[in-house]
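Novice: Below is entry18.cif; it holds mmCIF, C-alpha atoms and all ligand atoms.
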data_protein
loop_
_atom_site.label_atom_id
_atom_site.label_comp_id
_atom_site.auth_asym_id
_atom_site.auth_seq_id
_atom_site.Cartn_x
_atom_site.Cartn_y
_atom_site.Cartn_z
CA MET A 17 140.32 247.82 92.51
CA ALA A 18 141.05 251.32 91.23
CA ASN A 19 139.75 252.29 87.84
CA LYS A 20 142.13 253.02 85.00
CA LYS A 21 142.47 255.91 82.57
CA ILE A 22 143.94 256.47 79.15
CA ASN A 23 144.69 259.60 77.20
CA LYS A 24 142.23 259.96 74.32
CA ARG A 25 145.02 260.44 71.81
CA ASP A 26 146.17 256.88 72.66
CA THR A 27 142.81 255.35 71.69
CA GLY A 28 144.22 254.19 68.33
CA LYS A 29 147.14 252.45 70.05
CA LEU A 30 144.76 250.70 72.43
CA LEU A 31 142.59 249.51 69.55
CA ASN A 32 145.69 248.28 67.74
CA GLN A 33 146.71 246.24 70.77
CA TRP A 34 143.26 244.65 70.94
CA SER A 35 143.30 244.07 67.18
CA GLN A 36 146.08 241.52 67.73
CA GLU A 37 143.46 239.22 69.23
CA PHE A 38 140.08 240.52 68.13
CA THR A 39 138.36 241.87 65.06
CA VAL A 40 137.69 245.36 66.34
CA PHE A 41 134.54 247.24 65.35
CA VAL A 42 134.09 250.98 65.87
CA PRO A 43 131.41 253.48 64.84
CA SER A 44 132.03 254.58 61.26
CA LYS A 45 130.10 256.00 58.36
CA GLU A 46 129.24 253.52 55.63
CA SER A 47 127.59 255.31 52.69
CA GLY A 48 126.96 258.18 55.08
CA MET A 49 125.14 255.96 57.57
CA ALA A 50 126.70 255.30 60.96
CA ALA A 51 127.21 251.64 61.80
CA MET A 52 129.68 249.49 63.72
CA SER A 53 132.30 248.61 61.10
CA LYS A 54 135.66 246.91 61.13
CA TRP A 55 138.30 249.30 62.36
CA ASP A 56 140.75 250.33 59.63
CA GLY A 57 143.69 250.50 62.05
CA LYS A 58 143.96 254.28 62.17
CA ASP A 59 140.75 256.34 62.08
CA THR A 60 139.53 257.44 65.50
CA SER A 61 137.62 260.49 64.22
CA PHE A 62 134.38 258.87 65.42
CA LEU A 63 135.32 260.17 68.87
CA ASP A 64 134.41 263.65 67.55
CA TRP A 65 131.14 263.02 65.69
CA TYR A 66 129.65 259.88 67.20
CA ARG A 67 126.38 260.12 69.11
CA ASN A 68 124.96 256.71 68.26
CA THR A 69 124.91 254.48 65.21
CA VAL A 70 121.95 254.36 62.82
CA ILE A 71 122.34 250.60 62.41
CA PRO A 72 122.37 249.11 65.90
CA PRO A 73 125.13 246.72 67.00
CA LYS A 74 122.57 243.88 66.92
CA ALA A 75 123.60 243.61 63.24
CA ASN A 76 126.99 242.24 64.34
CA PHE A 77 125.21 239.22 65.83
CA PHE A 78 122.01 239.06 63.84
CA PRO A 79 122.85 240.44 60.36
CA SER A 80 120.14 241.86 58.11
CA MET A 81 120.77 238.90 55.79
CA GLU A 82 122.49 235.67 56.76
CA LYS A 83 123.11 232.43 54.90
CA MET A 84 121.86 229.50 56.99
CA PHE A 85 123.06 226.71 54.71
CA SER A 86 123.54 225.79 51.07
CA PHE A 87 122.07 222.80 49.34
CA GLN A 88 122.44 220.74 46.18
CA LYS A 89 120.17 218.22 44.62
CA ASP A 90 121.28 215.11 42.80
CA LYS A 91 119.83 211.66 42.09
CA GLU A 92 120.04 210.73 45.75
CA GLY A 93 118.20 213.79 46.96
CA TYR A 94 119.24 216.98 48.73
CA HIS A 95 122.65 217.51 50.35
CA LEU A 96 123.08 220.28 52.87
CA GLU A 97 126.22 222.22 53.64
CA LEU A 98 126.29 224.29 56.80
CA PRO A 99 128.52 227.38 56.79
CA PRO A 100 131.11 227.41 59.58
CA LEU A 101 129.49 229.18 62.48
CA ASP A 102 131.21 232.50 62.87
CA GLY A 103 133.94 231.95 65.43
CA GLN A 104 135.36 235.42 64.88
CA LYS A 105 136.31 237.12 68.15
CA GLN A 106 134.65 240.50 67.91
CA LEU A 107 135.39 243.50 70.08
CA ILE A 108 132.84 246.25 69.73
CA PHE A 109 134.31 249.53 70.88
CA GLY A 110 132.09 252.46 71.77
CA ILE A 111 128.79 250.67 72.25
CA ARG A 112 126.26 252.83 74.10
CA PRO A 113 124.65 251.57 77.33
CA CYS A 114 121.21 251.41 75.66
CA ASP A 115 122.54 249.15 72.91
CA ALA A 116 124.42 246.93 75.35
CA LYS A 117 121.16 246.50 77.27
CA ALA A 118 119.43 245.70 73.97
CA LEU A 119 121.87 242.83 73.42
CA ALA A 120 121.10 241.53 76.92
CA ILE A 121 117.41 241.60 75.92
CA LEU A 122 118.12 239.86 72.60
CA ASP A 123 120.03 237.18 74.51
CA MET A 124 116.75 236.28 76.23
CA THR A 125 115.09 235.74 72.87
CA PHE A 126 117.93 233.90 71.20
CA LYS A 127 119.13 231.95 74.21
CA ASP A 128 116.38 231.55 76.75
CA ALA A 129 113.36 231.17 74.46
CA TYR A 130 115.20 228.84 72.08
CA GLU A 131 118.85 228.37 71.21
CA ASP A 132 119.73 230.20 68.03
CA THR A 133 123.13 228.78 67.14
CA TYR A 134 123.83 231.46 64.53
CA TYR A 135 123.38 234.29 67.01
CA LEU A 136 124.97 232.54 69.98
CA ALA A 137 128.15 231.54 68.14
CA LYS A 138 128.87 235.20 67.44
CA ARG A 139 127.72 236.47 70.80
CA LYS A 140 129.79 234.13 72.95
CA ASN A 141 133.02 235.29 71.33
CA ALA A 142 132.29 239.00 71.59
CA LEU A 143 133.53 241.65 73.99
CA LEU A 144 131.79 244.95 74.50
CA VAL A 145 133.60 248.16 75.39
CA GLY A 146 131.03 250.76 76.34
CA LEU A 147 131.41 254.49 75.85
CA GLY A 148 129.12 256.74 77.85
CA CYS A 149 127.12 259.39 76.01
CA THR A 150 128.17 262.98 76.51
CA ASN A 151 125.57 264.37 74.16
CA PRO A 152 122.37 262.28 74.07
CA CYS A 153 119.92 262.98 71.22
CA ASP A 154 116.60 264.77 71.77
CA SER A 155 114.86 261.50 70.93
CA CYS A 156 116.66 259.47 73.64
CA PHE A 157 114.62 258.38 76.67
CA CYS A 158 116.82 255.61 78.11
CA THR A 159 116.55 256.93 81.68
CA SER A 160 112.81 256.16 81.67
CA LEU A 161 113.74 252.52 81.11
CA GLY A 162 116.17 252.45 84.05
CA ILE A 163 119.24 252.83 81.82
CA SER A 164 121.93 255.41 82.42
CA PRO A 165 123.46 256.94 79.28
CA ALA A 166 126.90 256.74 80.90
CA GLU A 167 126.90 253.51 82.94
CA SER A 168 126.25 249.90 82.04
CA PRO A 169 126.35 246.48 83.70
CA ASP A 170 126.02 244.89 80.23
CA VAL A 171 129.52 245.62 78.90
CA ASP A 172 132.99 244.27 79.71
CA LEU A 173 134.64 247.67 80.04
CA MET A 174 132.96 251.04 80.46
CA LEU A 175 134.63 254.28 79.37
CA THR A 176 133.70 257.75 80.59
CA ASP A 177 134.89 260.91 78.90
CA ILE A 178 136.70 263.03 81.49
CA GLY A 179 138.21 265.64 79.20
CA ASP A 180 141.52 264.69 77.62
CA GLU A 181 141.19 261.17 78.98
CA PHE A 182 138.80 258.27 79.34
CA LEU A 183 138.22 256.73 82.73
CA ILE A 184 137.98 252.95 82.31
CA GLU A 185 135.94 250.69 84.59
CA GLU A 186 136.48 246.95 84.47
CA ILE A 187 132.97 245.49 84.62
CA THR A 188 133.66 241.80 83.96
CA ASP A 189 136.57 239.35 84.21
CA LYS A 190 136.83 239.47 80.42
CA GLY A 191 137.19 243.23 80.75
CA LYS A 192 140.02 242.75 83.23
CA GLU A 193 141.77 240.45 80.74
CA LEU A 194 141.36 243.10 78.06
CA MET A 195 143.01 245.67 80.29
CA ALA A 196 145.85 243.26 81.02
CA MET A 197 146.62 243.36 77.27
CA ALA A 198 146.70 247.15 77.20
CA SER A 199 149.74 249.34 77.64
CA GLY A 200 149.71 253.10 78.15
CA VAL A 201 147.02 253.00 80.83
CA GLU A 202 147.38 254.54 84.26
CA GLU A 203 145.55 254.26 87.54
CA ALA A 204 142.78 256.82 87.85
CA THR A 205 143.15 259.34 90.64
CA GLN A 206 140.45 260.54 93.03
CA ALA A 207 140.21 263.72 90.96
CA ASP A 208 139.57 261.57 87.84
CA GLU A 209 136.86 259.65 89.69
CA ALA A 210 135.23 262.91 90.72
CA ARG A 211 135.31 264.18 87.12
CA ALA A 212 133.80 260.90 85.89
CA LYS A 213 130.99 261.10 88.45
CA GLU A 214 130.24 264.65 87.38
CA ALA A 215 130.29 263.63 83.69
CA ARG A 216 127.88 260.73 84.34
CA GLU A 217 125.47 262.95 86.22
CA ALA A 218 125.61 265.65 83.54
CA SER A 219 124.93 263.07 80.88
CA TYR A 220 121.99 261.62 82.82
CA ASN A 221 120.47 265.06 83.24
CA LYS A 222 120.74 265.78 79.51
CA VAL A 223 118.17 263.07 78.76
CA THR A 224 115.10 265.23 79.08
CA ARG A 225 112.55 263.14 77.18
CA LYS A 226 110.66 261.05 79.72
CA ILE A 227 107.85 258.53 79.77
CA ASP A 228 106.13 256.97 82.74
CA THR A 229 106.86 253.23 82.63
CA GLU A 230 105.41 252.51 86.06
CA ASP A 231 102.64 249.94 85.56
CA ILE A 232 102.78 250.52 81.80
CA LYS A 233 101.67 246.95 81.11
CA LYS A 234 98.59 247.38 83.31
CA LYS A 235 97.84 250.66 81.58
CA LEU A 236 98.14 249.15 78.10
CA LEU A 237 96.13 245.97 78.53
CA PRO A 238 92.67 247.58 78.96
CA ALA A 239 93.32 249.74 75.87
CA PHE A 240 93.97 246.76 73.61
CA ASP A 241 90.52 246.80 71.98
CA ASN A 242 90.25 250.56 71.70
CA GLN A 243 90.21 250.63 67.92
CA ASP A 244 89.45 254.36 67.71
CA TYR A 245 92.57 255.16 69.72
CA TRP A 246 94.89 252.89 67.75
CA GLU A 247 93.52 254.08 64.41
CA LYS A 248 94.27 257.64 65.43
CA ILE A 249 97.75 256.73 66.68
CA ALA A 250 98.55 254.74 63.52
CA ALA A 251 97.16 257.26 61.03
CA LYS A 252 100.41 258.76 59.81
CA CYS A 253 102.52 255.57 59.82
CA ILE A 254 103.36 254.48 56.27
CA SER A 255 104.34 250.91 57.25
CA CYS A 256 107.89 251.33 55.97
CA GLY A 257 109.35 249.11 58.71
CA ILE A 258 112.35 251.36 59.42
CA CYS A 259 111.51 251.61 63.12
CA THR A 260 111.63 247.85 63.52
CA PHE A 261 114.63 247.17 61.29
CA LEU A 262 116.67 249.71 63.22
CA CYS A 263 115.31 248.90 66.66
CA PRO A 264 118.11 247.21 68.63
CA THR A 265 115.69 244.77 70.30
CA CYS A 266 113.55 243.76 67.29
CA TYR A 267 114.39 240.29 66.06
CA CYS A 268 111.77 239.13 63.55
CA PHE A 269 113.12 237.42 60.47
CA ASP A 270 111.85 235.70 57.37
CA ILE A 271 113.43 232.70 55.65
CA ASN A 272 113.86 232.33 51.91
CA ASP A 273 115.37 229.71 49.65
CA GLU A 274 117.28 230.93 46.60
CA LEU A 275 117.45 228.19 44.00
CA VAL A 276 119.27 228.13 40.66
CA LYS A 277 118.89 224.86 38.80
CA LYS A 278 119.86 222.21 41.32
CA GLN A 279 121.67 224.22 43.89
CA GLY A 280 120.83 227.02 46.21
CA ALA A 281 120.96 228.43 49.69
CA ARG A 282 118.64 229.27 52.52
CA PHE A 283 118.85 232.78 53.90
CA ARG A 284 117.21 234.56 56.73
CA ASN A 285 116.63 238.28 56.63
CA TRP A 286 115.13 240.89 58.90
CA ASP A 287 111.37 241.14 58.72
CA SER A 288 108.99 243.64 60.25
CA CYS A 289 105.59 243.42 61.90
CA ALA A 290 104.93 246.81 60.26
CA PHE A 291 104.62 245.15 56.83
CA PRO A 292 101.19 244.15 55.53
CA VAL A 293 102.69 240.89 54.21
CA TYR A 294 104.26 239.96 57.54
CA THR A 295 103.32 236.40 58.63
CA LYS A 296 101.30 235.98 55.45
CA MET A 297 102.50 232.44 55.07
CA PRO A 298 101.15 229.85 55.65
CA MET A 299 97.97 231.69 56.60
CA GLU A 300 96.68 235.22 56.23
CA ASN A 301 98.16 238.11 58.13
CA PRO A 302 96.09 238.39 61.29
CA ARG A 303 96.98 242.08 61.38
CA GLU A 304 95.82 243.26 58.01
CA GLU A 305 94.84 246.76 59.13
CA LYS A 306 97.66 249.15 59.88
CA TRP A 307 96.37 250.08 63.34
CA ARG A 308 96.65 246.45 64.44
CA ARG A 309 100.29 246.36 63.31
CA VAL A 310 101.20 249.60 65.07
CA ARG A 311 99.45 248.36 68.20
CA GLN A 312 101.41 245.11 67.97
CA LYS A 313 104.73 246.98 67.91
CA VAL A 314 103.86 248.88 71.07
CA TYR A 315 102.34 245.91 72.91
CA HIS A 316 105.11 243.54 71.98
CA LYS A 317 107.69 245.81 73.59
CA TYR A 318 105.74 247.13 76.54
CA ALA A 319 103.28 244.36 77.44
CA PHE A 320 103.91 240.97 75.82
CA TYR A 321 107.70 240.80 76.19
CA PRO A 322 107.51 241.83 79.87
CA MET A 323 104.99 239.00 80.39
CA LEU A 324 107.52 236.50 79.02
CA PHE A 325 110.81 237.86 80.33
CA ASP A 326 109.93 240.44 82.94
CA VAL A 327 111.71 243.20 81.04
CA ILE A 328 110.46 245.92 78.68
CA ALA A 329 111.87 245.23 75.22
CA CYS A 330 112.70 248.87 74.59
CA THR A 331 115.82 250.68 75.73
CA GLY A 332 114.73 254.22 74.89
CA CYS A 333 117.48 254.50 72.25
CA GLY A 334 115.16 256.78 70.29
CA ARG A 335 116.06 255.41 66.83
CA CYS A 336 112.42 254.71 65.99
CA ILE A 337 111.67 258.39 66.66
CA ARG A 338 114.57 260.10 64.94
CA LEU A 339 114.63 257.82 61.89
CA CYS A 340 110.91 257.54 61.17
CA PRO A 341 110.16 259.36 57.89
CA VAL A 342 106.85 260.70 59.19
CA ASN A 343 107.89 261.50 62.79
CA TRP A 344 105.82 258.78 64.40
CA ASP A 345 106.74 258.82 68.08
CA ILE A 346 106.40 255.83 70.42
CA THR A 347 106.65 258.06 73.49
CA GLN A 348 103.58 260.01 72.38
CA ALA A 349 101.71 256.76 71.77
CA LEU A 350 102.58 255.50 75.25
CA ASP A 351 101.82 258.81 76.93
CA SER A 352 98.38 259.14 75.45
CA VAL A 353 97.07 255.60 76.06
CA PRO A 354 93.56 256.10 77.49
CA ALA A 355 93.20 255.00 81.09
CA LYS A 356 90.28 252.72 80.16
CA SER A 357 89.12 251.18 76.91
CA THR A 358 86.17 252.95 75.31
CA ALA A 359 85.42 249.98 73.06
S1 LIG A 401 109.32 254.12 60.79
FE1 LIG A 401 107.48 255.38 61.12
S2 LIG A 401 106.33 255.22 59.21
FE2 LIG A 401 107.84 253.56 59.17
S3 LIG A 401 106.72 251.78 60.04
FE3 LIG A 401 107.78 252.79 61.76
S4 LIG A 401 106.26 254.22 62.58
FE4 LIG A 401 105.53 253.62 60.55
S1 LIG A 402 111.28 250.83 70.40
FE1 LIG A 402 112.37 252.64 69.61
S2 LIG A 402 113.29 253.58 71.43
FE2 LIG A 402 112.71 251.50 71.99
S3 LIG A 402 114.56 250.28 71.65
FE3 LIG A 402 113.32 250.15 69.77
S4 LIG A 402 114.09 251.80 68.47
FE4 LIG A 402 114.86 252.20 70.54
#
Please go through the file and, once you have read it, give me the structure as structure tokens.
Ligand code: SF4
Ligand code: SF4

Specialist:
Amino acid sequence: MANKKINKRDTGKLLNQWSQEFTVFVPSKESGMAAMSKWDGKDTSFLDWYRNTVIPPKANFFPSMEKMFSFQKDKEGYHLELPPLDGQKQLIFGIRPCDAKALAILDMTFKDAYEDTYYLAKRKNALLVGLGCTNPCDSCFCTSLGISPAESPDVDLMLTDIGDEFLIEEITDKGKELMAMASGVEEATQADEARAKEAREASYNKVTRKIDTEDIKKKLLPAFDNQDYWEKIAAKCISCGICTFLCPTCYCFDINDELVKKQGARFRNWDSCAFPVYTKMPMENPREEKWRRVRQKVYHKYAFYPMLFDVIACTGCGRCIRLCPVNWDITQALDSVPAKSTA
């Protein structure tokens, strides 16, 4: 079936049509920080400034803090009240291919490893409308992970910037249904297809940061005990946890009970393996030294996760590079892994 196209100036109308059925999220600046936020019904200025969000779209499904249930105590004991699982139908417009892939990776954790009802309730009702990058950041290295910055099998619709218009590909049946709701779209012509192909190739070629992921797991495993190497690599990290909080594939969380007199609630909130207090309870942190924690971050993504799910848990989105306060760079760490352990 032929692809569709829409004039960019009609983006607002399209979002309005989808808003009839979905809560639409678009990139916007909250306190100066780009995140996917509820669309206000008119502002499409993100089309001019947006490269990628600081807070990844994982936060729409796995919020930084989430109430799991509330409880009350009386003479008979504790009574629990579960919040309604979020049945909101979300449509995330403008998600980048790297972040859509990250959600596919998170699905493995939250669906295949065990069923996380909080995450899955939100995820099953969501639609993703991808928008290809035209201007990837210097820190992006998605192509090294087999991801194109302008194409994605992990979204429902994929948009490519072809000048005054977006070319729209229907990737899934849900995407087709979305297009059936849309007015103001036209069939793309052969010339549009040619422009889209050119735009995708140009975008791919703009990702110049590369790492060699071939046999990366085999390369990493012998270096596991090379303390000298990991100490050197970890030296400038200040264990702030930003790289893990903002990583679209990181999923660690901690659970806390907040109790006032006889009632309270249980929350879960993002946690980070970069923190010295991580996994402190009920035993000591097995990674007390910083180099062990930095090593864990790299191995979890590039060795341990592939052992479990046969996929590298990194999409090359580059957030951990561009947002690290001390310019720690995972690509440098991976590039300089010694061929053999010297331990
Ligand atoms: S963001 Fe940088 S300094 Fe902070 S924990 Fe990550 S690597 Fe370390
Ligand atoms: S490890 Fe860094 S580059 Fe890879 S997905 Fe996480 S934030 Fe993005």

Novice: Using all atoms listed in the file for the distances, tell me which of A:Asp180, A:Glu167, A:Asp244, A:Asp115 is nearest to A:Thr27.

Specialist: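 Among the listed residues, A:Asp180 lies closest to A:Thr27.
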
Novice: Please, which residues have at least one atom within 10 Å of an atom of ligand LIG 401 (chain A), using all atoms listed in the file, listed as a PyMOL selection string?

Specialist: chain A and resi 249-263+288-291+306+309-310+313+335-346

Novice: Which one is closest to ligand LIG 402 (chain A): A:Lys277, A:Lys20, A:Arg303, A:Lys226? Count all atoms listed in the file.

Specialist: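 Among the listed residues, A:Lys226 lies closest to ligand LIG 402 (chain A).
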
Novice: Calculate, to one decimal in Å, the centre and edge lengths of the box along x, y and z of the file that holds all listed atoms of ligand LIG 402 (chain A) with 4 Å of margin on each side, and present them as lines of an AutoDock Vina configuration file.

Specialist:
center_x = 113.1
center_y = 251.9
center_z = 70.2
size_x = 11.6
size_y = 11.4
size_z = 11.5

Novice: In terms of the shortest atom-to-atom distance over only C-alpha atoms and all ligand atoms, which of A:Lys24, A:Lys192, A:Lys117, A:Lys45 is closest to ligand LIG 402 (chain A)?

Specialist: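 Closest to ligand LIG 402 (chain A) of all the choices is A:Lys117.
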
Novice: When distances are computed from all atoms listed in the file, which of A:Ile71, A:Cys114, A:Val171, A:Ala198 shows the smallest separation from A:Glu185?

Specialist: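 Answer, going by the shortest atom-to-atom distance: A:Val171.
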
Novice: Tell me, in Å to one decimal, how far atom CA of A:Tyr134 is from atom CA of A:Phe109.

Specialist: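 It comes out at 21.8 Å.
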
Novice: What does the distance from atom CA of A:Met52 to atom CA of A:Thr69 come to in Å, to one decimal?

Specialist: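 Distance between the two atoms: 7.1 Å.
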
Novice: Let me make sure I understand: among A:Lys234, A:Arg225, A:Lys54, A:Lys89, which one has the smallest atom-to-atom distance to ligand LIG 402 (chain A) if we use only C-alpha atoms and all ligand atoms?

Specialist: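 Closest to ligand LIG 402 (chain A), using only C-alpha atoms and all ligand atoms: A:Arg225.
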
Novice: Excluding stretch 348-357 of chain A and residues on its chain fewer than 6 positions from it, collect all residues at most 7 Å away from it, counting all atoms listed in the file, and give them as a VMD selection string.

Specialist: chain A and resid 227 235 to 236 238 to 239 241 to 242 249

Novice: Next, write the just-selected residues to a file, as a PDB file, keeping the file's coordinate frame, keeping C-alpha atoms as the atom set.

Specialist:
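Here's the written file result.pdb:
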ATOM      1  CA  ILE A 227     107.850 258.530  79.770  1.00  0.00           C
ATOM      2  CA  LYS A 235      97.840 250.660  81.580  1.00  0.00           C
ATOM      3  CA  LEU A 236      98.140 249.150  78.100  1.00  0.00           C
ATOM      4  CA  PRO A 238      92.670 247.580  78.960  1.00  0.00           C
ATOM      5  CA  ALA A 239      93.320 249.740  75.870  1.00  0.00           C
ATOM      6  CA  ASP A 241      90.520 246.800  71.980  1.00  0.00           C
ATOM      7  CA  ASN A 242      90.250 250.560  71.700  1.00  0.00           C
ATOM      8  CA  ILE A 249      97.750 256.730  66.680  1.00  0.00           C
TER       9      ILE A 249
END

Novice: Rank A:Arg112, A:Lys21, A:Lys29, A:Lys213 by their smallest atom-to-atom distance to ligand LIG 402 (chain A), using only C-alpha atoms and all ligand atoms, and report the top residue only.

Specialist: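 Answer, going by the shortest atom-to-atom distance: A:Arg112.
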
Novice: Could you list, as a ChimeraX atom specification, every residue within 12 Å of A:Glu217, counting all atoms listed in the file and ignoring same-chain residues fewer than 2 positions away?

Specialist: /A:148-150,159,164-167,176,210-215,219-223

Novice: Please compute the atom CA of A:Ala51-atom CA of A:Ser80 distance, one decimal, in Å.

Specialist: 12.6 Å

Novice: If we count all atoms listed in the file, what is near A:Arg139 at a cut-off of 10 Å, once residues fewer than 4 positions away on the same chain are taken out, given as an NGL selection string?

Specialist: :A and (74 or 76-78 or 102-106 or 119 or 123 or 133-135 or 143)

Novice: Could you name the residues that touch A:Ala118 at 8 Å or less, counting all atoms listed in the file, but leaving out those on the same chain fewer than 4 positions away, as a VMD selection string?

Specialist: chain A and resid 74 114 122 264 to 265 329 to 331

Novice: Near A:Thr125, counting only C-alpha atoms, which residues have an atom at most 9 Å away, once you skip same-chain residues fewer than 5 positions from it, shown as a list in words?

Specialist: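 Returned residues: Tyr130, Glu131, Asp132, Tyr267 and Phe325 of chain A.
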
Novice: Kindly add all heavy atoms to the incomplete stretch 257-264 of chain A and provide the output as a PDB file, in the coordinates of the input.

Specialist:
ATOM      1  N   GLY A 257     108.568 250.102  57.968  1.00  0.00           N
ATOM      2  CA  GLY A 257     109.350 249.110  58.710  1.00  0.00           C
ATOM      3  C   GLY A 257     110.684 249.602  59.243  1.00  0.00           C
ATOM      4  O   GLY A 257     111.399 248.851  59.910  1.00  0.00           O
ATOM      5  N   ILE A 258     111.034 250.860  58.972  1.00  0.00           N
ATOM      6  CA  ILE A 258     112.350 251.360  59.420  1.00  0.00           C
ATOM      7  C   ILE A 258     112.489 251.246  60.932  1.00  0.00           C
ATOM      8  O   ILE A 258     113.522 250.839  61.456  1.00  0.00           O
ATOM      9  CB  ILE A 258     112.533 252.832  58.964  1.00  0.00           C
ATOM     10  CG1 ILE A 258     112.784 252.876  57.462  1.00  0.00           C
ATOM     11  CG2 ILE A 258     113.693 253.508  59.710  1.00  0.00           C
ATOM     12  CD1 ILE A 258     112.847 254.269  56.879  1.00  0.00           C
ATOM     13  N   CYS A 259     111.420 251.592  61.647  1.00  0.00           N
ATOM     14  CA  CYS A 259     111.510 251.610  63.120  1.00  0.00           C
ATOM     15  C   CYS A 259     111.832 250.229  63.673  1.00  0.00           C
ATOM     16  O   CYS A 259     112.505 250.121  64.703  1.00  0.00           O
ATOM     17  CB  CYS A 259     110.203 252.129  63.714  1.00  0.00           C
ATOM     18  SG  CYS A 259     108.754 251.236  63.165  1.00  0.00           S
ATOM     19  N   THR A 260     111.373 249.196  63.010  1.00  0.00           N
ATOM     20  CA  THR A 260     111.630 247.850  63.520  1.00  0.00           C
ATOM     21  C   THR A 260     112.980 247.310  63.035  1.00  0.00           C
ATOM     22  O   THR A 260     113.699 246.669  63.787  1.00  0.00           O
ATOM     23  CB  THR A 260     110.500 246.901  63.106  1.00  0.00           C
ATOM     24  OG1 THR A 260     110.253 247.096  61.720  1.00  0.00           O
ATOM     25  CG2 THR A 260     109.241 247.181  63.876  1.00  0.00           C
ATOM     26  N   PHE A 261     113.310 247.606  61.779  1.00  0.00           N
ATOM     27  CA  PHE A 261     114.630 247.170  61.290  1.00  0.00           C
ATOM     28  C   PHE A 261     115.740 247.763  62.151  1.00  0.00           C
ATOM     29  O   PHE A 261     116.726 247.102  62.449  1.00  0.00           O
ATOM     30  CB  PHE A 261     114.835 247.603  59.837  1.00  0.00           C
ATOM     31  CG  PHE A 261     114.251 246.651  58.818  1.00  0.00           C
ATOM     32  CD1 PHE A 261     113.380 245.658  59.185  1.00  0.00           C
ATOM     33  CD2 PHE A 261     114.597 246.762  57.482  1.00  0.00           C
ATOM     34  CE1 PHE A 261     112.842 244.780  58.242  1.00  0.00           C
ATOM     35  CE2 PHE A 261     114.071 245.889  56.530  1.00  0.00           C
ATOM     36  CZ  PHE A 261     113.202 244.914  56.911  1.00  0.00           C
ATOM     37  N   LEU A 262     115.590 249.021  62.510  1.00  0.00           N
ATOM     38  CA  LEU A 262     116.670 249.710  63.220  1.00  0.00           C
ATOM     39  C   LEU A 262     116.529 249.656  64.735  1.00  0.00           C
ATOM     40  O   LEU A 262     117.380 250.168  65.456  1.00  0.00           O
ATOM     41  CB  LEU A 262     116.769 251.161  62.732  1.00  0.00           C
ATOM     42  CG  LEU A 262     117.075 251.274  61.226  1.00  0.00           C
ATOM     43  CD1 LEU A 262     117.173 252.733  60.811  1.00  0.00           C
ATOM     44  CD2 LEU A 262     118.350 250.533  60.850  1.00  0.00           C
ATOM     45  N   CYS A 263     115.473 249.051  65.204  1.00  0.00           N
ATOM     46  CA  CYS A 263     115.310 248.900  66.660  1.00  0.00           C
ATOM     47  C   CYS A 263     116.317 247.850  67.149  1.00  0.00           C
ATOM     48  O   CYS A 263     116.377 246.744  66.605  1.00  0.00           O
ATOM     49  CB  CYS A 263     113.894 248.452  66.982  1.00  0.00           C
ATOM     50  SG  CYS A 263     113.716 248.037  68.734  1.00  0.00           S
ATOM     51  N   PRO A 264     117.084 248.163  68.182  1.00  0.00           N
ATOM     52  CA  PRO A 264     118.110 247.210  68.630  1.00  0.00           C
ATOM     53  C   PRO A 264     117.547 245.968  69.313  1.00  0.00           C
ATOM     54  O   PRO A 264     118.291 245.017  69.558  1.00  0.00           O
ATOM     55  CB  PRO A 264     118.948 248.031  69.613  1.00  0.00           C
ATOM     56  CG  PRO A 264     118.002 249.063  70.130  1.00  0.00           C
ATOM     57  CD  PRO A 264     117.098 249.403  68.973  1.00  0.00           C
TER      58      PRO A 264
END
